[in-house]
Amino acid sequence: MTYLCYARYQSHKWTVYVRGATNEDLGTIIKHAVFQLHSSFNNPTRVVESPPFELSESGWGEFEVSITLYFHSDVCDKPLNL
């Protein structure tokens with residue numbers, strides 16, 4: 001019987017992030033960011049509640065990530081989908 005090592009398939013390390021053009025603190029306008037990963041990830045919906053608004057992971061393939069930004073109420077009431 002042959003066993004495949006799961007770690008062997010973690011061939012890509014990546015980071016997805018939301019940053020200002022000059023690396024300013026976006027915590028003054030963004031309340032939290034929601035990153036939606038591929039459904040094959042454990043806990044594919046990740047919420048980042050403070051800056052830096054970024055997420056690092058590893059995996060084995062390519063996929064699209066959607067990001068929803070929620071702003072402080074004095075900035076904007078509607079979330080922004082990226």
# chains A, B, ... in the order shown; residues from 1 in each chain; ligands from 1

$ select_by_dssp --residues "chain A" --states "helix (DSSP H, G or I)" --output "ChimeraX atom specification"
/A:6-9,26-28

$ write_last_selection --atoms "N, CA, C and O atoms" --output "short mmCIF file (atom, residue, chain, number, x, y, z; two decimals), in the first residue's frame"
data_model
loop_
_atom_site.label_atom_id
_atom_site.label_comp_id
_atom_site.auth_asym_id
_atom_site.auth_seq_id
_atom_site.Cartn_x
_atom_site.Cartn_y
_atom_site.Cartn_z
N TYR A 6 0.54 14.42 2.43
CA TYR A 6 -0.22 15.63 2.14
C TYR A 6 0.70 16.85 2.02
O TYR A 6 0.51 17.69 1.17
N ALA A 7 1.71 16.96 2.88
CA ALA A 7 2.61 18.11 2.86
C ALA A 7 3.33 18.23 1.52
O ALA A 7 3.71 19.31 1.12
N ARG A 8 3.49 17.13 0.83
CA ARG A 8 4.16 17.15 -0.46
C ARG A 8 3.38 17.99 -1.48
O ARG A 8 3.94 18.53 -2.41
N TYR A 9 2.08 18.11 -1.29
CA TYR A 9 1.25 18.86 -2.22
C TYR A 9 1.11 20.33 -1.85
O TYR A 9 0.41 21.06 -2.51
N LEU A 26 -4.53 51.33 7.25
CA LEU A 26 -5.91 51.28 6.77
C LEU A 26 -6.90 50.95 7.87
O LEU A 26 -8.11 50.97 7.65
N GLY A 27 -6.41 50.66 9.06
CA GLY A 27 -7.28 50.38 10.19
C GLY A 27 -8.14 51.57 10.58
O GLY A 27 -9.14 51.40 11.27
N THR A 28 -7.77 52.76 10.15
CA THR A 28 -8.59 53.94 10.45
C THR A 28 -9.85 53.99 9.59
O THR A 28 -10.80 54.67 9.96
#

$ atom_distance --atom1 "CA of Ile67 (chain A)" --atom2 "CA of Val18 (chain A)"
8.8 Å

$ atom_distance --atom1 "CA of Thr22 (chain A)" --atom2 "CA of His72 (chain A)"
20.5 Å

$ residues_around --residues "Arg19 (chain A)" --least-positions-apart "5" --cutoff "8 Å" --atoms "only C-alpha atoms" --output "list in words"
Glu24, Leu26, Pro52 and Phe53 of chain A

$ residues_around --residues "region 31-33 of chain A" --least-positions-apart "6" --cutoff "6 Å" --atoms "only C-alpha atoms" --output "list of chain:residue names"
A:Val47, A:Val48, A:Glu49, A:Thr68, A:Leu69, A:Tyr70, A:Phe71, A:His72

$ write_last_selection --atoms "all heavy atoms" --output "compact mmCIF listing (two decimals), in the first residue's frame"
# COMPACT_ATOMS: atom_id res chain seq x y z
N VAL A 47 -11.68 35.86 8.32
CA VAL A 47 -11.94 37.24 8.71
C VAL A 47 -10.70 37.80 9.39
O VAL A 47 -10.19 37.21 10.35
CB VAL A 47 -13.15 37.33 9.66
CG1 VAL A 47 -13.40 38.78 10.08
CG2 VAL A 47 -14.39 36.73 9.01
N VAL A 48 -10.21 38.93 8.88
CA VAL A 48 -9.06 39.62 9.48
C VAL A 48 -9.60 40.92 10.06
O VAL A 48 -10.09 41.78 9.32
CB VAL A 48 -7.95 39.87 8.45
CG1 VAL A 48 -6.79 40.61 9.09
CG2 VAL A 48 -7.48 38.55 7.84
N GLU A 49 -9.52 41.06 11.38
CA GLU A 49 -10.18 42.17 12.06
C GLU A 49 -9.29 43.35 12.38
O GLU A 49 -9.77 44.33 12.95
CB GLU A 49 -10.87 41.64 13.32
CG GLU A 49 -11.97 40.65 12.99
CD GLU A 49 -12.75 40.19 14.20
OE1 GLU A 49 -12.35 40.52 15.34
OE2 GLU A 49 -13.76 39.52 13.99
N THR A 68 -13.94 40.98 0.74
CA THR A 68 -14.97 41.97 1.06
C THR A 68 -14.44 42.83 2.20
O THR A 68 -14.02 42.31 3.23
CB THR A 68 -16.29 41.30 1.48
OG1 THR A 68 -16.71 40.42 0.43
CG2 THR A 68 -17.37 42.34 1.72
N LEU A 69 -14.43 44.14 1.96
CA LEU A 69 -13.96 45.09 2.96
C LEU A 69 -15.15 45.73 3.65
O LEU A 69 -16.09 46.19 2.98
CB LEU A 69 -13.10 46.17 2.31
CG LEU A 69 -11.86 45.70 1.57
CD1 LEU A 69 -11.15 46.89 0.92
CD2 LEU A 69 -10.92 44.95 2.50
N TYR A 70 -15.12 45.73 4.96
CA TYR A 70 -16.15 46.39 5.75
C TYR A 70 -15.51 47.60 6.41
O TYR A 70 -14.45 47.50 7.04
CB TYR A 70 -16.70 45.43 6.81
CG TYR A 70 -17.46 44.29 6.19
CD1 TYR A 70 -16.80 43.14 5.77
CD2 TYR A 70 -18.83 44.37 6.01
CE1 TYR A 70 -17.49 42.08 5.18
CE2 TYR A 70 -19.54 43.32 5.42
CZ TYR A 70 -18.86 42.19 5.01
OH TYR A 70 -19.55 41.16 4.43
N PHE A 71 -16.15 48.74 6.26
CA PHE A 71 -15.60 50.00 6.73
C PHE A 71 -16.21 50.42 8.06
O PHE A 71 -17.31 49.98 8.41
CB PHE A 71 -15.84 51.10 5.68
CG PHE A 71 -15.20 50.78 4.35
CD1 PHE A 71 -15.95 50.22 3.33
CD2 PHE A 71 -13.86 51.03 4.13
CE1 PHE A 71 -15.37 49.91 2.10
CE2 PHE A 71 -13.28 50.73 2.91
CZ PHE A 71 -14.03 50.17 1.90
N HIS A 72 -15.51 51.28 8.77
CA HIS A 72 -16.07 51.87 9.97
C HIS A 72 -17.29 52.70 9.56
O HIS A 72 -17.32 53.28 8.47
CB HIS A 72 -15.04 52.75 10.68
CG HIS A 72 -13.90 51.95 11.25
ND1 HIS A 72 -14.03 51.17 12.38
CD2 HIS A 72 -12.61 51.82 10.84
CE1 HIS A 72 -12.86 50.59 12.64
NE2 HIS A 72 -12.00 50.96 11.71

$ closest_residue --among "A:Pro44, A:Leu55, A:Ile30, A:Phe35" --to "Lys78 (chain A)" --atoms "only C-alpha atoms"
A:Ile30

$ closest_residue --among "A:Thr45, A:Ser58, A:Val34, A:Ser39" --to "Asn81 (chain A)" --atoms "only C-alpha atoms"
A:Val34

$ residues_around --residues "region 62-66 of chain A" --least-positions-apart "3" --cutoff "6 Å" --atoms "only C-alpha atoms" --output "list in words"
Phe35, Gln36, Leu37 and Leu82 of chain A

$ closest_residue --among "A:Ala21, A:Glu54, A:Gly59, A:Thr15" --to "His38 (chain A)" --atoms "only C-alpha atoms"
A:Gly59

$ select_by_dssp --residues "region 2-76 of chain A" --states "strand (DSSP E)" --output "VMD selection string"
chain A and resid 12 to 18 30 to 36 45 to 48 53 to 59 66 to 71

$ residues_around --residues "Ser56 (chain A)" --least-positions-apart "5" --cutoff "8 Å" --atoms "only C-alpha atoms" --output "PyMOL selection string"
chain A and resi 13-16

$ write_last_selection --atoms "N, CA and C atoms" --output "short mmCIF file (atom, residue, chain, number, x, y, z; two decimals), in the first residue's frame"
data_model
loop_
_atom_site.label_atom_id
_atom_site.label_comp_id
_atom_site.auth_asym_id
_atom_site.auth_seq_id
_atom_site.Cartn_x
_atom_site.Cartn_y
_atom_site.Cartn_z
N LYS A 13 3.47 28.78 -1.58
CA LYS A 13 3.26 29.63 -0.41
C LYS A 13 2.87 31.00 -0.95
N TRP A 14 1.82 31.59 -0.38
CA TRP A 14 1.32 32.85 -0.91
C TRP A 14 0.76 33.74 0.20
N THR A 15 0.66 35.01 -0.14
CA THR A 15 0.04 36.01 0.73
C THR A 15 -0.86 36.88 -0.11
N VAL A 16 -2.06 37.11 0.36
CA VAL A 16 -2.98 38.05 -0.27
C VAL A 16 -3.22 39.17 0.73
#
